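K.L.:
Next up is a structure, given as structure tokens.
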2 protein chains.
Amino acid sequence: MTGPIRVVIVDDDPLVRGMLTLMLDGADGIVVVGEAADGATAITAVDRHLPDVVLMDIRMPGVNGITATERLRRRHRPPEIIVLTTFDTDEHVVRALRAGASGFLLKDTPPEQISQAVRAVAAGYPMLSPGVTRRLMRRVASGAESYEQAHERLALLTPRERDVVLAIGQGRSNAEIASELLMSVTTVKAHVSHILTKLDLDNRTQIAVLAHDGRLL
Amino acid sequence: MTGPIRVVIVDDDPLVRGMLTLMLDGADGIVVVGEAADGATAITAVDRHLPDVVLMDIRMPGVNGITATERLRRRHRPPEIIVLTTFDTDEHVVRALRAGASGFLLKDTPPEQISQAVRAVAAGYPMLSPGVTRRLMRRVASGAESYEQAHERLALLTPRERDVVLAIGQGRSNAEIASELLMSVTTVKAHVSHILTKLDLDNRTQIAVLAHDGRLL
DNA sequence: CTCGGCGTACTACCAAAGGAGGTGGTCCGG
DNA sequence: CCGGACCACCTCCTTTGGTAGTACGCCGAG
């Protein structure tokens, strides 16, 4: 990375743009090369100025920040994008990350942390607000719960039975499983019966659910 | 938070403990009040010294760091725990977070960032190494993929049909669904048939899988 | 060596699920 | 007021799923 970090600021509120420009343009090694008020002009601005980092609001008239992020990330040499918003709902966070954002900050983040974040993402590091990080941590941790429980139960099965569980988890019929696993349909049924009794379930649908909780897909 | 942040360091390698103590004990507002070489003694050390923060290695003889973390987090006023390890495998990260760690750092983290992390978690903020953050981001983003696809397809259904999808996703039989949703079994079958054709699926197990991908549970 | 678990396979039977096609009622919007 | 979407119900029929019980060859632990 040679030269200062080039930044484009996207927000529909001129006041916010001004504030951000003011706090970043002075900062060490950062220069604000452009501004935009909505997603559509953001894209043309990026194409013109080729910034390293884009600060992106979500709620904007016309093309919103998430969609703009998606499109920008499909560019040839895409800028790193920091989504900067007032609300950190789960929906927003997940959509932003999925769209390809490298950062997600709340607007009440102190100035020096914003410039720090710009430098971090420019260097290829992700940067999330603490609250967002906590969200992700909780999400992962809670998902792990059912995962581990499912694995415990699945451990009761023999390897072959687990093969069958896997196939059921993909929605296969007994006939399909038989040909896939090279055994007779009656054998498949035998395995299924064993699985049902061992895991104390009623039908194959519940086996499929368990397989998915255990992420065997 | 009054007074310095009290820290206990847990690592089986005396050299590592020494390094960490050296780099933290001098730092602003941090005092190392104890050390331990394994999970079991870590717990007694915490009970004796009542630290604000514990730096915890994972791989240790006897009780490992994950288990120790779990146990410590069940204490009356649990310390914040930073897991500090050499490898950031998905398994380690997920288990550590699930056990209740507030931080997850790699051992190659520069000293000043470690002391920063101690201060952050003491203040109630989470702190992850950039690589770990990226891991979580990817995980969440990729999970969202199937989620959105599932929702798109589910949008083709009528409200009542979605009710049925939900029930199937819980492994209910047609009879159970009928009584649960107050309709006749034949009606349930009609709905299921419609769902299968609309979503181009073969059997109810696949409906259940879709319901789970769309997190309707 | 023998016993038990595993994987495979069979029979026979019954229950559940799914397909095809039709009937009637409601409610909403053009 | 009429058409279309949705919901509910029906019958007849086929396919799939699940239970029960038996059997045989293999292999590893005791």
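Identifiers in the structure tokens: chain A, B, ... in order shown; residue index from 1 per chain; ligand index from 1 in order shown.
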Can you write out as CSV which residues of chain D fall within 8 Å of chain B, alongside each residue's closest atom pair and its distance in Å to one decimal, counting only C-alpha atoms (C1' of nucleotides) and ordering rows by chain and ascending residue number?
P.N.:
```
residue,atom,partner,partner_atom,distance
D:DC6,C1',B:Thr158,CA,7.8
D:DA8,C1',B:Thr187,CA,6.2
D:DC9,C1',B:Thr187,CA,6.7
```
K.L.:
With C-alpha atoms (C1' of nucleotides) retained, export the selected residues as a PDB file, in the first residue's frame.
P.N.:
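Contents of part-v1.pdb, freshly written:
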```pdb
ATOM      1  C1'  DC D   6     -57.394 -20.123  -1.082  1.00  0.00           C
ATOM      2  C1'  DA D   8     -61.378 -27.589   3.083  1.00  0.00           C
ATOM      3  C1'  DC D   9     -63.180 -32.036   2.109  1.00  0.00           C
TER       4       DC D   9
END
```
K.L.:
Apply DSSP to the structure's backbone, then extract all residues of chain B labelled strand (DSSP E or B) and return them as a ChimeraX atom specification.
P.N.:
/B:5-10,30-36,53-56,80-85,103-106,127-128
K.L.:
Find the residues near region 13-19 of chain C: any atom within 10 Å, counting only C-alpha atoms (C1' of nucleotides), skip ones fewer than 2 places away on the same chain, and give them as a count of residues only.
P.N.:
21
K.L.:
Dump as a tab-separated table the rows for residues of chain A within 9 Å of chain B: closest atom pair and distance in Å with one decimal, only C-alpha atoms counted, ordered by chain and rising residue number.
P.N.:
```
residue	atom	partner	partner_atom	distance
A:Val94	CA	B:Ala141	CA	6.3
A:Arg95	CA	B:Ala141	CA	7.6
A:Ala96	CA	B:Ala141	CA	8.6
A:Leu97	CA	B:Ala141	CA	5.7
A:Arg98	CA	B:Ala141	CA	4.5
A:Ala99	CA	B:Ala141	CA	8.2
A:Gly100	CA	B:Ala141	CA	8.6
A:Ser102	CA	B:Arg134	CA	8.5
A:Tyr125	CA	B:Pro130	CA	6.0
A:Pro126	CA	B:Pro130	CA	6.1
A:Met127	CA	B:Pro130	CA	7.7
A:Leu128	CA	B:Thr133	CA	8.2
A:Pro130	CA	B:Tyr125	CA	6.0
A:Gly131	CA	B:Tyr125	CA	7.9
A:Thr133	CA	B:Pro126	CA	6.8
A:Arg134	CA	B:Pro126	CA	6.2
A:Leu136	CA	B:Leu136	CA	6.6
A:Met137	CA	B:Leu97	CA	6.5
A:Arg138	CA	B:Leu97	CA	7.8
A:Arg139	CA	B:Val140	CA	8.3
A:Val140	CA	B:Val94	CA	6.7
A:Ala141	CA	B:Arg98	CA	4.4
A:Ser142	CA	B:Arg98	CA	7.2
A:Ala144	CA	B:Arg98	CA	7.0
A:Glu145	CA	B:Arg98	CA	7.7
A:Ile168	CA	B:Thr205	CA	7.6
A:Gly169	CA	B:Val209	CA	7.3
A:Gln170	CA	B:Gln206	CA	7.0
A:Gly171	CA	B:Gln206	CA	4.7
A:Arg172	CA	B:Thr205	CA	8.0
A:Ser173	CA	B:Asn203	CA	8.1
A:Asp202	CA	B:Gly171	CA	8.1
A:Asn203	CA	B:Gly171	CA	7.2
A:Arg204	CA	B:Thr205	CA	7.1
A:Thr205	CA	B:Thr205	CA	4.9
A:Gln206	CA	B:Gly171	CA	4.8
A:Ile207	CA	B:Gly171	CA	8.4
A:Ala208	CA	B:Thr205	CA	6.6
A:Val209	CA	B:Val209	CA	6.7
A:His212	CA	B:Val209	CA	7.3
A:Asp213	CA	B:His212	CA	8.5
```
K.L.:
Please find the residues of chain C near chain A - the criterion being any atom within 8 Å, counting only C-alpha atoms (C1' of nucleotides) - and write them as a PyMOL selection string.
P.N.:
chain C and resi 6-10
K.L.:
Could you give me, as an NGL selection string, each residue of region 15-188 of chain B that DSSP assigns to helix (DSSP H, G or I) when run on this structure's backbone?
P.N.:
:B and (15-25 or 39-49 or 65-73 or 90-99 or 111-122 or 130-154 or 159-169 or 174-181 or 185-188)
K.L.:
I need the chosen residues saved as a compact mmCIF listing (two decimals), in the first residue's frame, with C-alpha atoms.
P.N.:
```txt
# COMPACT_ATOMS: atom_id res chain seq x y z
CA LEU B 15 8.13 -19.65 29.42
CA VAL B 16 4.86 -18.42 27.94
CA ARG B 17 3.55 -17.57 31.39
CA GLY B 18 6.69 -15.60 32.08
CA MET B 19 6.45 -13.69 28.82
CA LEU B 20 2.82 -12.83 29.36
CA THR B 21 3.36 -11.77 32.95
CA LEU B 22 6.26 -9.65 31.87
CA MET B 23 4.33 -7.90 29.15
CA LEU B 24 1.15 -7.40 31.16
CA ASP B 25 2.28 -6.77 34.72
CA GLY B 39 -7.20 -26.25 34.16
CA ALA B 40 -7.58 -27.73 37.61
CA THR B 41 -5.15 -25.40 39.36
CA ALA B 42 -6.54 -22.53 37.27
CA ILE B 43 -9.84 -22.91 39.06
CA THR B 44 -8.31 -22.87 42.53
CA ALA B 45 -6.15 -19.91 41.50
CA VAL B 46 -9.22 -17.99 40.35
CA ASP B 47 -11.09 -18.82 43.52
CA ARG B 48 -8.17 -17.54 45.57
CA HIS B 49 -7.33 -14.41 43.61
CA GLY B 65 -8.70 -24.67 28.72
CA ILE B 66 -12.15 -25.08 27.22
CA THR B 67 -13.42 -27.16 30.09
CA ALA B 68 -11.79 -24.84 32.59
CA THR B 69 -13.49 -21.90 30.90
CA GLU B 70 -16.87 -23.60 31.15
CA ARG B 71 -16.38 -24.24 34.83
CA LEU B 72 -15.09 -20.78 35.62
CA ARG B 73 -18.04 -19.17 33.86
CA ASP B 90 -13.07 -23.63 13.71
CA GLU B 91 -13.55 -26.27 16.37
CA HIS B 92 -11.46 -24.41 18.93
CA VAL B 93 -13.10 -21.09 18.27
CA VAL B 94 -16.64 -22.39 18.43
CA ARG B 95 -15.99 -24.41 21.55
CA ALA B 96 -14.30 -21.52 23.30
CA LEU B 97 -17.15 -19.13 22.53
CA ARG B 98 -19.68 -21.71 23.55
CA ALA B 99 -17.83 -22.21 26.82
CA PRO B 111 1.97 -7.41 23.20
CA GLU B 112 0.23 -4.05 23.15
CA GLN B 113 -2.84 -5.65 21.57
CA ILE B 114 -2.94 -8.27 24.27
CA SER B 115 -2.98 -5.69 27.02
CA GLN B 116 -5.57 -3.77 25.01
CA ALA B 117 -7.66 -6.93 24.83
CA VAL B 118 -7.43 -7.39 28.58
CA ARG B 119 -8.73 -3.88 29.13
CA ALA B 120 -11.47 -4.37 26.56
CA VAL B 121 -12.90 -7.58 28.01
CA ALA B 122 -12.59 -6.17 31.52
CA PRO B 130 -8.82 -10.49 13.12
CA GLY B 131 -8.54 -13.98 11.70
CA VAL B 132 -11.15 -15.25 14.12
CA THR B 133 -13.46 -12.38 13.29
CA ARG B 134 -13.12 -13.21 9.63
CA ARG B 135 -14.00 -16.80 10.41
CA LEU B 136 -17.18 -15.80 12.17
CA MET B 137 -18.09 -13.41 9.39
CA ARG B 138 -17.69 -16.06 6.76
CA ARG B 139 -19.64 -18.52 8.80
CA VAL B 140 -22.56 -16.18 9.25
CA ALA B 141 -22.49 -15.04 5.64
CA SER B 142 -22.46 -18.53 4.21
CA GLY B 143 -25.24 -19.66 6.52
CA ALA B 144 -27.31 -16.78 5.25
CA GLU B 145 -27.00 -18.11 1.74
CA SER B 146 -29.15 -21.19 2.05
CA TYR B 147 -31.37 -19.25 4.39
CA GLU B 148 -32.28 -16.68 1.77
CA GLN B 149 -32.69 -19.23 -0.96
CA ALA B 150 -35.03 -21.22 1.23
CA HIS B 151 -37.09 -18.15 1.99
CA GLU B 152 -37.46 -17.27 -1.65
CA ARG B 153 -38.91 -20.66 -2.43
CA LEU B 154 -41.11 -20.66 0.65
CA PRO B 159 -49.93 -19.01 4.53
CA ARG B 160 -51.71 -22.23 5.28
CA GLU B 161 -49.21 -24.22 3.31
CA ARG B 162 -46.43 -22.58 5.27
CA ASP B 163 -48.13 -23.72 8.45
CA VAL B 164 -47.92 -27.25 7.15
CA VAL B 165 -44.28 -26.79 6.14
CA LEU B 166 -43.53 -25.70 9.66
CA ALA B 167 -45.20 -28.74 11.15
CA ILE B 168 -43.44 -31.08 8.76
CA GLY B 169 -40.18 -29.40 9.71
CA ASN B 174 -50.08 -35.92 8.72
CA ALA B 175 -52.43 -37.03 11.50
CA GLU B 176 -50.60 -34.92 14.06
CA ILE B 177 -50.61 -31.95 11.74
CA ALA B 178 -54.32 -32.36 11.16
CA SER B 179 -55.20 -32.18 14.84
CA GLU B 180 -52.65 -29.48 15.50
CA LEU B 181 -53.91 -27.30 12.69
CA VAL B 185 -55.98 -35.53 7.32
CA THR B 186 -57.09 -35.40 3.71
CA THR B 187 -56.71 -31.64 3.73
CA VAL B 188 -53.26 -31.98 5.14
```
K.L.:
Within 12 Å of DG30 (chain C), counting only C-alpha atoms (C1' of nucleotides), which residues show up once you throw out same-chain ones fewer than 3 positions away? Write them as a ChimeraX atom specification, please.
P.N.:
/D:1-4
K.L.:
For the residues in that selection, give me C-alpha atoms (C1' of nucleotides) as an mmCIF file, in the first residue's frame.
P.N.:
```cif
data_model
loop_
_atom_site.group_PDB
_atom_site.id
_atom_site.type_symbol
_atom_site.label_atom_id
_atom_site.label_comp_id
_atom_site.auth_asym_id
_atom_site.auth_seq_id
_atom_site.Cartn_x
_atom_site.Cartn_y
_atom_site.Cartn_z
ATOM 1 C "C1'" DC D 1 -71.284 -10.144 -10.552
ATOM 2 C "C1'" DC D 2 -67.857 -12.991 -12.013
ATOM 3 C "C1'" DG D 3 -63.126 -15.158 -11.943
ATOM 4 C "C1'" DG D 4 -59.479 -16.578 -9.371
#
```
K.L.:
How many Å lie between CA of Glu80 (chain B) and CA of Pro61 (chain B), rounded to one decimal?
P.N.:
22.2 Å
